[in-house]
Structure formats: C-alpha cells, structure tokens
>>> print(open('run.cif').read())   # mmCIF, C-alpha atoms
data_input
loop_
_atom_site.label_atom_id
_atom_site.label_comp_id
_atom_site.auth_asym_id
_atom_site.auth_seq_id
_atom_site.Cartn_x
_atom_site.Cartn_y
_atom_site.Cartn_z
CA GLU S 1 41.71 184.88 60.53
CA TYR S 2 41.40 182.79 57.36
CA GLU S 3 43.75 185.10 55.46
CA ARG S 4 46.42 184.73 58.14
CA ALA S 5 45.97 180.96 58.27
CA TYR S 6 46.20 180.74 54.48
CA VAL S 7 49.60 182.44 54.43
CA GLU S 8 50.93 180.48 57.38
CA GLU S 9 49.92 177.13 55.93
CA LEU S 10 50.11 177.51 52.16
CA VAL S 11 52.51 180.31 51.22
CA ASP S 12 56.32 180.22 51.25
CA GLY S 13 58.33 183.40 50.84
CA PRO S 14 59.05 186.76 52.50
CA ALA S 15 57.45 187.50 55.83
CA ASP S 16 55.44 190.46 54.48
CA VAL S 17 53.32 188.42 52.04
CA ARG S 18 49.62 188.86 52.80
CA ALA S 19 46.47 187.13 51.61
CA VAL S 20 43.40 189.17 50.67
CA LEU S 21 40.19 187.20 50.09
CA THR S 22 37.63 187.98 47.40
CA GLY S 23 34.22 186.68 46.40
CA SER S 24 35.61 184.57 43.54
CA GLY S 25 38.71 183.94 41.46
CA MET S 26 37.50 186.40 38.82
CA ALA S 27 36.77 188.93 41.57
CA ALA S 28 40.42 188.58 42.58
CA PHE S 29 41.53 189.26 39.01
CA THR S 30 39.20 192.20 38.44
CA THR S 31 40.35 193.73 41.73
CA ILE S 32 44.00 193.44 40.69
CA LEU S 33 43.33 194.83 37.21
CA ALA S 34 41.23 197.74 38.45
CA SER S 35 43.64 198.55 41.28
CA LEU S 36 46.65 198.71 38.96
CA HIS S 37 44.68 200.64 36.35
CA MET S 38 43.45 203.23 38.86
CA ALA S 39 46.99 203.62 40.22
CA ARG S 40 48.18 204.26 36.64
CA ARG S 41 50.63 201.37 36.87
CA LEU S 42 49.51 199.79 33.58
CA LYS S 43 51.40 201.93 31.09
CA PRO S 44 51.85 200.54 27.56
CA PRO S 45 53.07 198.08 26.64
CA ILE S 46 51.55 195.23 28.65
CA VAL S 47 52.70 191.66 27.96
CA ILE S 48 50.27 188.78 28.39
CA GLY S 49 50.53 185.08 27.69
CA ARG S 50 48.67 183.90 24.61
CA ALA S 51 47.04 181.13 26.65
CA LEU S 52 45.94 183.46 29.47
CA TYR S 53 42.46 182.57 30.74
CA HIS S 54 40.10 183.94 28.08
CA GLU S 55 37.98 186.10 30.41
CA CYS S 56 41.06 187.73 31.94
CA LYS S 57 42.53 188.32 28.48
CA GLU S 58 39.34 189.98 27.28
CA LEU S 59 39.18 192.31 30.29
CA ILE S 60 42.81 193.39 29.89
CA GLU S 61 42.36 194.09 26.19
CA ARG S 62 39.16 196.07 26.79
CA ALA S 63 40.72 198.09 29.61
CA LEU S 64 43.91 198.80 27.64
CA PRO S 65 43.06 198.86 23.94
CA GLY S 66 46.11 198.82 21.74
CA ALA S 67 48.50 198.44 24.66
CA VAL S 68 48.62 194.63 24.89
CA CYS S 69 51.26 192.39 23.35
CA GLN S 70 50.46 188.67 23.33
CA VAL S 71 53.39 186.26 23.51
CA ASP S 72 53.44 182.47 23.26
CA GLU S 73 54.39 181.49 26.80
CA GLN S 74 55.50 178.05 25.58
CA ASP S 75 58.34 179.76 23.68
CA THR S 76 60.53 180.93 26.57
CA GLY S 77 63.06 182.56 24.25
CA ALA S 78 60.38 184.66 22.54
CA LEU S 79 58.86 185.59 25.88
CA LEU S 80 62.18 186.73 27.34
CA ARG S 81 63.03 188.68 24.18
CA ALA S 82 59.69 190.48 24.44
CA LEU S 83 60.40 191.40 28.05
CA THR S 84 63.86 192.71 27.15
CA THR S 85 62.76 194.62 24.06
CA LEU S 86 59.41 196.01 25.19
CA ARG S 87 60.24 196.55 28.88
CA PRO S 88 56.57 196.23 29.86
CA SER S 89 55.12 197.85 32.97
CA ALA S 90 53.19 194.64 33.70
CA VAL S 91 53.17 190.98 32.69
CA PHE S 92 50.15 188.69 33.09
CA LEU S 93 50.63 184.90 33.00
CA ASP S 94 48.87 181.73 34.11
CA THR S 95 51.30 179.42 35.89
CA LEU S 96 49.44 176.47 34.31
CA CYS S 97 47.29 177.57 31.40
CA ASN S 98 43.73 176.29 31.12
CA THR S 99 43.89 175.36 27.43
CA ARG S 100 44.11 172.17 25.41
CA TRP S 101 47.94 172.32 25.40
CA ALA S 102 48.22 173.41 29.07
CA PRO S 103 51.41 175.48 28.69
CA LEU S 104 53.71 175.91 31.70
CA PRO S 105 55.52 179.26 31.35
CA ASP S 106 59.03 179.49 32.80
CA VAL S 107 58.17 181.79 35.71
CA PRO S 108 61.68 181.74 37.27
CA ALA S 109 63.14 182.93 33.94
CA VAL S 110 60.50 185.66 33.68
CA LEU S 111 61.24 186.89 37.19
CA ALA S 112 64.96 186.88 36.47
CA SER S 113 64.35 188.96 33.34
CA LEU S 114 62.25 191.49 35.29
CA ARG S 115 64.73 191.67 38.16
CA GLY S 116 65.77 195.24 38.89
CA ARG S 117 62.71 196.75 37.20
CA ASP S 118 59.76 198.49 38.81
CA ALA S 119 57.27 196.27 37.01
CA PHE S 120 54.33 194.07 37.99
CA LEU S 121 54.16 190.33 37.43
CA VAL S 122 50.60 189.06 37.90
CA LEU S 123 50.25 185.28 38.09
CA ASP S 124 47.09 183.19 38.09
CA ASN S 125 48.21 180.21 40.18
CA THR S 126 44.84 178.42 40.15
CA GLY S 127 46.10 175.48 38.09
CA LEU S 128 49.05 174.67 40.36
CA SER S 129 47.88 175.99 43.74
CA ALA S 130 50.22 175.21 46.65
CA SER S 131 52.38 172.93 44.50
CA PHE S 132 54.02 176.06 43.04
CA GLN S 133 55.37 178.82 45.32
CA PRO S 134 56.17 181.97 43.27
CA PHE S 135 57.19 184.10 46.25
CA ARG S 136 60.07 181.72 47.00
CA LEU S 137 61.66 182.93 43.75
CA LEU S 138 62.00 186.52 44.94
CA HIS S 139 65.34 187.98 45.98
CA GLU S 140 65.55 190.40 48.88
CA ALA S 141 66.51 193.35 46.68
CA ASP S 142 63.95 192.67 43.92
CA ARG S 143 62.00 195.71 42.77
CA VAL S 144 59.49 193.69 40.77
CA HIS S 145 55.98 193.64 42.26
CA LEU S 146 54.70 190.06 42.39
CA VAL S 147 50.92 189.62 42.67
CA VAL S 148 49.48 186.10 42.71
CA PHE S 149 45.83 185.09 42.74
CA GLU S 150 43.91 181.84 42.84
CA SER S 151 40.34 180.65 42.60
CA LEU S 152 39.57 178.81 45.82
CA LEU S 153 36.79 176.91 44.06
CA LYS S 154 39.27 174.56 42.41
CA TYR S 155 41.72 172.80 44.78
CA PRO S 156 41.79 174.37 48.28
CA GLN S 157 38.17 173.35 48.97
CA LEU S 158 39.20 169.70 48.49
CA GLY S 159 36.34 168.99 46.09
CA LEU S 160 33.62 170.23 48.47
CA ASP S 161 32.87 173.37 46.40
CA ARG S 162 30.75 174.85 49.16
CA ALA S 163 31.45 178.53 48.51
CA ASN S 164 32.72 180.71 45.69
CA ALA S 165 35.94 182.41 46.79
CA GLY S 166 39.27 183.73 45.58
CA VAL S 167 42.50 184.96 47.11
CA MET S 168 45.10 187.58 46.17
CA LEU S 169 48.68 187.39 47.47
CA ALA S 170 51.00 190.38 47.54
CA ARG S 171 53.62 192.08 49.69
CA GLY S 172 53.56 195.20 51.85
CA GLY S 173 52.05 198.24 50.16
CA ASP S 174 50.77 196.22 47.22
CA ALA S 175 48.65 194.09 49.58
CA GLU S 176 47.39 197.19 51.40
CA ARG S 177 46.33 198.79 48.12
CA LEU S 178 44.50 195.64 47.04
CA GLU S 179 42.70 195.43 50.37
CA HIS S 180 41.69 199.11 50.11
CA ASP S 181 40.43 198.73 46.54
CA ARG S 182 38.64 195.45 47.31
CA GLU S 183 36.37 197.42 49.66
CA ARG S 184 35.70 200.16 47.08
CA LEU S 185 35.09 197.69 44.25
CA GLY S 186 32.72 195.51 46.27
CA THR S 187 34.70 192.32 45.63
CA ASN S 188 35.10 191.28 49.27
CA ILE S 189 33.96 187.83 50.33
CA GLY S 190 31.02 187.35 52.66
CA ASP S 191 31.69 186.05 56.16
CA ALA S 192 29.33 183.10 55.64
CA SER S 193 31.38 182.01 52.63
CA VAL S 194 34.60 182.14 54.67
CA GLN S 195 32.98 179.94 57.33
CA ALA S 196 32.19 177.39 54.60
CA LEU S 197 35.83 177.10 53.48
CA PRO S 198 37.92 174.23 54.87
CA ARG S 199 40.64 175.51 57.18
CA PRO S 200 43.91 175.74 55.22
CA SER S 201 46.09 172.65 55.64
CA ARG S 202 49.17 172.11 53.50
CA ARG S 203 49.41 168.44 54.45
CA VAL S 204 45.87 167.74 53.28
CA LEU S 205 46.01 169.92 50.15
CA GLU S 206 49.34 168.51 48.98
CA ARG S 207 48.09 164.95 49.44
CA ARG S 208 45.06 165.81 47.31
CA LEU S 209 47.18 167.43 44.58
CA VAL S 210 49.50 164.41 44.48
CA ARG S 211 46.48 162.10 44.18
CA ILE S 212 44.98 164.16 41.34
CA GLY S 213 48.34 164.17 39.55
CA ARG S 214 48.69 160.42 39.99
CA ASN S 215 45.21 159.81 38.61
CA ALA S 216 45.88 162.06 35.62
#
>>> encode(input="run.cif", output="structure tokens")
Amino acid sequence: EYERAYVEELVDGPADVRAVLTGSGMAAFTTILASLHMARRLKPPIVIGRALYHECKELIERALPGAVCQVDEQDTGALLRALTTLRPSAVFLDTLCNTRWAPLPDVPAVLASLRGRDAFLVLDNTGLSASFQPFRLLHEADRVHLVVFESLLKYPQLGLDRANAGVMLARGGDAERLEHDRERLGTNIGDASVQALPRPSRRVLERRLVRIGRNA
C-alpha cells in the first residue's frame, strides 16, 4: 500500500514505474548492485561519478575490480565524452552529490547520451528527493534502464526520523527483478517500519523542501 501511494503522490513519469521498499537507503543500493551483478548486466566498463557517495563507490569498486571508470560529474563535457567513448553497460550517479562541493550532474544530458542503448542509469536521488523527477525525462522508445533510489531517512519522513527505510524506483521487468532479489537478499523493510513512515504527500514534502532551500 505504501509503495503504491509513494508512486501516486511523489513520482512523475510512465505508468509502469513501481516503488520497491527496502530496510534503508544503503539496502536499496546493495539490492540494485547485487541484482544487476547477478543478472550479469554489469559488464566492463562501468562509469561512476567521482563524487558518488563513498560507501556506494567502495562497493562498486570491490564488486567490479578494474572495471570502474571515475569521471568528474561537474565536467559535463568530460562525462559525455566518456559515455560516448567507453559505451558503458551502467552509469552510477548521485543527482546531488553529498560532498563539500555538492556537484549537480547534468542528468538530462546523460540520458540523452545513453538514448538508444541497452544500458543502466542508476541514480541516487536522496539529495533532491521529489524536487527532481528523473522518470519525466524518459522518452517512450528509450531502451535505457533507469533505476532510481532514495534514503527515506532524509526528507520524506519530514524530520521525524522514526524508521530506517529506503525505496527503489524502476519500470516493468526491472522493478519485478528488484522485488524478487530484495526477498532473496533479505533487504526488505519490516511492516512495523512502514507503519512508522508518514503517508506520502507531495504537497507537504514540497513545502518542506522549499523551506529547507530557503533556510540554506
């Protein structure tokens, strides 16, 4: 019920986008990484942003030694050249990087560069939450697989921080695979934690994000 409400309230894009809850934001990431790895979809090279969250970066590099190419996501030209030259099977970026310089990669340009390819774009949208809607950037005929995740301990709990939780967003078969692997990997969220989450409300969340931005 929460997963359906999350999509209805907080996600813009194609009708087949689904939410899949996890026990934390890192549980969402590890589920995505393991699911793609087990499906043999992470063939070298893999492109990641230099300012990717450090724990995620470490896990990717340990899972795929020698296969990872780091690119400065602040340099859009260099990033797009890497995508054109390397033709990676997967790209991992934070939509707002959690570093001192807080880079904002040009996600629309990245998606446009990947358009027509059978590649995965994995976005950590924790820093921007509902204020950025990646699935709205997709075209109907896009072959690229967009997977978005977010820690629900940051903004969607409105500062209450009552339960650790994360969410993965994907379309069709990608969402089904993530749901299947979530069960096998033991990264599902407990029902008591779901009951502790505020019911998704775009009006309330957007007002909170605007207030935080104003204060900053």
>>> residues_around(input="run.cif", residues="Leu158 in chain S", least_positions_apart="2", cutoff="12 Å", atoms="only C-alpha atoms", output="NGL selection string")
:S and (129 or 152-156 or 160-163 or 197-209 or 211-212)
>>> resolve_selection(input="run.cif", expression="the PyMOL selection byres ((chain S and resi 141) around 12)", output="ChimeraX atom specification")
/S:14,115-118,137-140,142-145
>>> resolve_selection(input="run.cif", expression="the PyMOL selection byres ((chain S and resi 113) around 12)", output="PDB file with C-alpha atoms, in the coordinates of the input")
ATOM      1  CA  THR S  76      60.530 180.930  26.570  1.00  0.00           C
ATOM      2  CA  GLY S  77      63.060 182.560  24.250  1.00  0.00           C
ATOM      3  CA  LEU S  79      58.860 185.590  25.880  1.00  0.00           C
ATOM      4  CA  LEU S  80      62.180 186.730  27.340  1.00  0.00           C
ATOM      5  CA  ARG S  81      63.030 188.680  24.180  1.00  0.00           C
ATOM      6  CA  ALA S  82      59.690 190.480  24.440  1.00  0.00           C
ATOM      7  CA  LEU S  83      60.400 191.400  28.050  1.00  0.00           C
ATOM      8  CA  THR S  84      63.860 192.710  27.150  1.00  0.00           C
ATOM      9  CA  THR S  85      62.760 194.620  24.060  1.00  0.00           C
ATOM     10  CA  LEU S  86      59.410 196.010  25.190  1.00  0.00           C
ATOM     11  CA  ARG S  87      60.240 196.550  28.880  1.00  0.00           C
ATOM     12  CA  PRO S  88      56.570 196.230  29.860  1.00  0.00           C
ATOM     13  CA  VAL S  91      53.170 190.980  32.690  1.00  0.00           C
ATOM     14  CA  ASP S 106      59.030 179.490  32.800  1.00  0.00           C
ATOM     15  CA  VAL S 107      58.170 181.790  35.710  1.00  0.00           C
ATOM     16  CA  PRO S 108      61.680 181.740  37.270  1.00  0.00           C
ATOM     17  CA  ALA S 109      63.140 182.930  33.940  1.00  0.00           C
ATOM     18  CA  VAL S 110      60.500 185.660  33.680  1.00  0.00           C
ATOM     19  CA  LEU S 111      61.240 186.890  37.190  1.00  0.00           C
ATOM     20  CA  ALA S 112      64.960 186.880  36.470  1.00  0.00           C
ATOM     21  CA  LEU S 114      62.250 191.490  35.290  1.00  0.00           C
ATOM     22  CA  ARG S 115      64.730 191.670  38.160  1.00  0.00           C
ATOM     23  CA  GLY S 116      65.770 195.240  38.890  1.00  0.00           C
ATOM     24  CA  ARG S 117      62.710 196.750  37.200  1.00  0.00           C
ATOM     25  CA  ASP S 118      59.760 198.490  38.810  1.00  0.00           C
ATOM     26  CA  ALA S 119      57.270 196.270  37.010  1.00  0.00           C
ATOM     27  CA  LEU S 121      54.160 190.330  37.430  1.00  0.00           C
ATOM     28  CA  ASP S 142      63.950 192.670  43.920  1.00  0.00           C
ATOM     29  CA  ARG S 143      62.000 195.710  42.770  1.00  0.00           C
ATOM     30  CA  VAL S 144      59.490 193.690  40.770  1.00  0.00           C
TER      31      VAL S 144
END
>>> resolve_selection(input="run.cif", expression="the PyMOL selection byres ((chain S and resi 89) around 7)", output="ChimeraX atom specification")
/S:41-46,87-88,90,119-120
>>> residues_around(input="run.cif", residues="Leu178 in chain S", least_positions_apart="2", cutoff="9 Å", atoms="all atoms listed in the file", output="ChimeraX atom specification")
/S:20,31-32,35-36,168,170,173-176,180-183
>>> atom_distance(input="run.cif", atom1="CA of Asn164 in chain S", atom2="CA of Val210 in chain S")
23.4 Å
>>> axis_aligned_box(input="run.cif", around="range 86-102 of chain S", padding_each_side="6 Å", output="JSON")
{"center_x": 52.0, "center_y": 185.0, "center_z": 30.5, "size_x": 28.5, "size_y": 37.7, "size_z": 22.7}
>>> closest_residue(input="run.cif", among="S:Ala196, S:Gln133, S:His54, S:Asp72", to="Val7 in chain S", atoms="all atoms listed in the file")
S:Gln133
>>> atom_distance(input="run.cif", atom1="CA of Leu21 in chain S", atom2="CA of Tyr2 in chain S")
8.6 Å
>>> atom_distance(input="run.cif", atom1="CA of Ala27 in chain S", atom2="CA of Arg184 in chain S")
12.6 Å
>>> residues_near_point(input="run.cif", point="(38.6, 187.7, 36.7)", cutoff="8 Å", atoms="all atoms listed in the file", output="list in words")
Gly25, Met26, Ala27, Ala28, Phe29, Thr30, Glu55, Cys56 and Leu59 of chain S
>>> closest_atom_pairs(input="run.cif", of="range 113-196 of chain S", to="range 92-103 of chain S", cutoff="6 Å", atoms="only C-alpha atoms", output="tab-separated table")
residue	atom	partner	partner_atom	distance
S:Val122	CA	S:Phe92	CA	4.8
S:Leu123	CA	S:Leu93	CA	5.1
S:Asp124	CA	S:Asp94	CA	4.6
S:Asn125	CA	S:Thr95	CA	5.3
S:Gly127	CA	S:Leu96	CA	5.1
>>> residues_around(input="run.cif", residues="Ala63 in chain S", least_positions_apart="2", cutoff="9 Å", atoms="all atoms listed in the file", output="NGL selection string")
:S and (33-34 or 37 or 58-61 or 65)
>>> write_last_selection(input="run.cif", atoms="C-alpha atoms", output="PDB file, in the coordinates of the input")
ATOM      1  CA  LEU S  33      43.330 194.830  37.210  1.00  0.00           C
ATOM      2  CA  ALA S  34      41.230 197.740  38.450  1.00  0.00           C
ATOM      3  CA  HIS S  37      44.680 200.640  36.350  1.00  0.00           C
ATOM      4  CA  GLU S  58      39.340 189.980  27.280  1.00  0.00           C
ATOM      5  CA  LEU S  59      39.180 192.310  30.290  1.00  0.00           C
ATOM      6  CA  ILE S  60      42.810 193.390  29.890  1.00  0.00           C
ATOM      7  CA  GLU S  61      42.360 194.090  26.190  1.00  0.00           C
ATOM      8  CA  PRO S  65      43.060 198.860  23.940  1.00  0.00           C
TER       9      PRO S  65
END
>>> closest_residue(input="run.cif", among="S:Glu179, S:Asp12, S:Glu73, S:Asp191", to="Val167 in chain S", atoms="all atoms listed in the file")
S:Glu179
>>> closest_residue(input="run.cif", among="S:Val147, S:Gly49, S:Ala67, S:Leu169", to="Arg4 in chain S", atoms="all atoms listed in the file")
S:Leu169
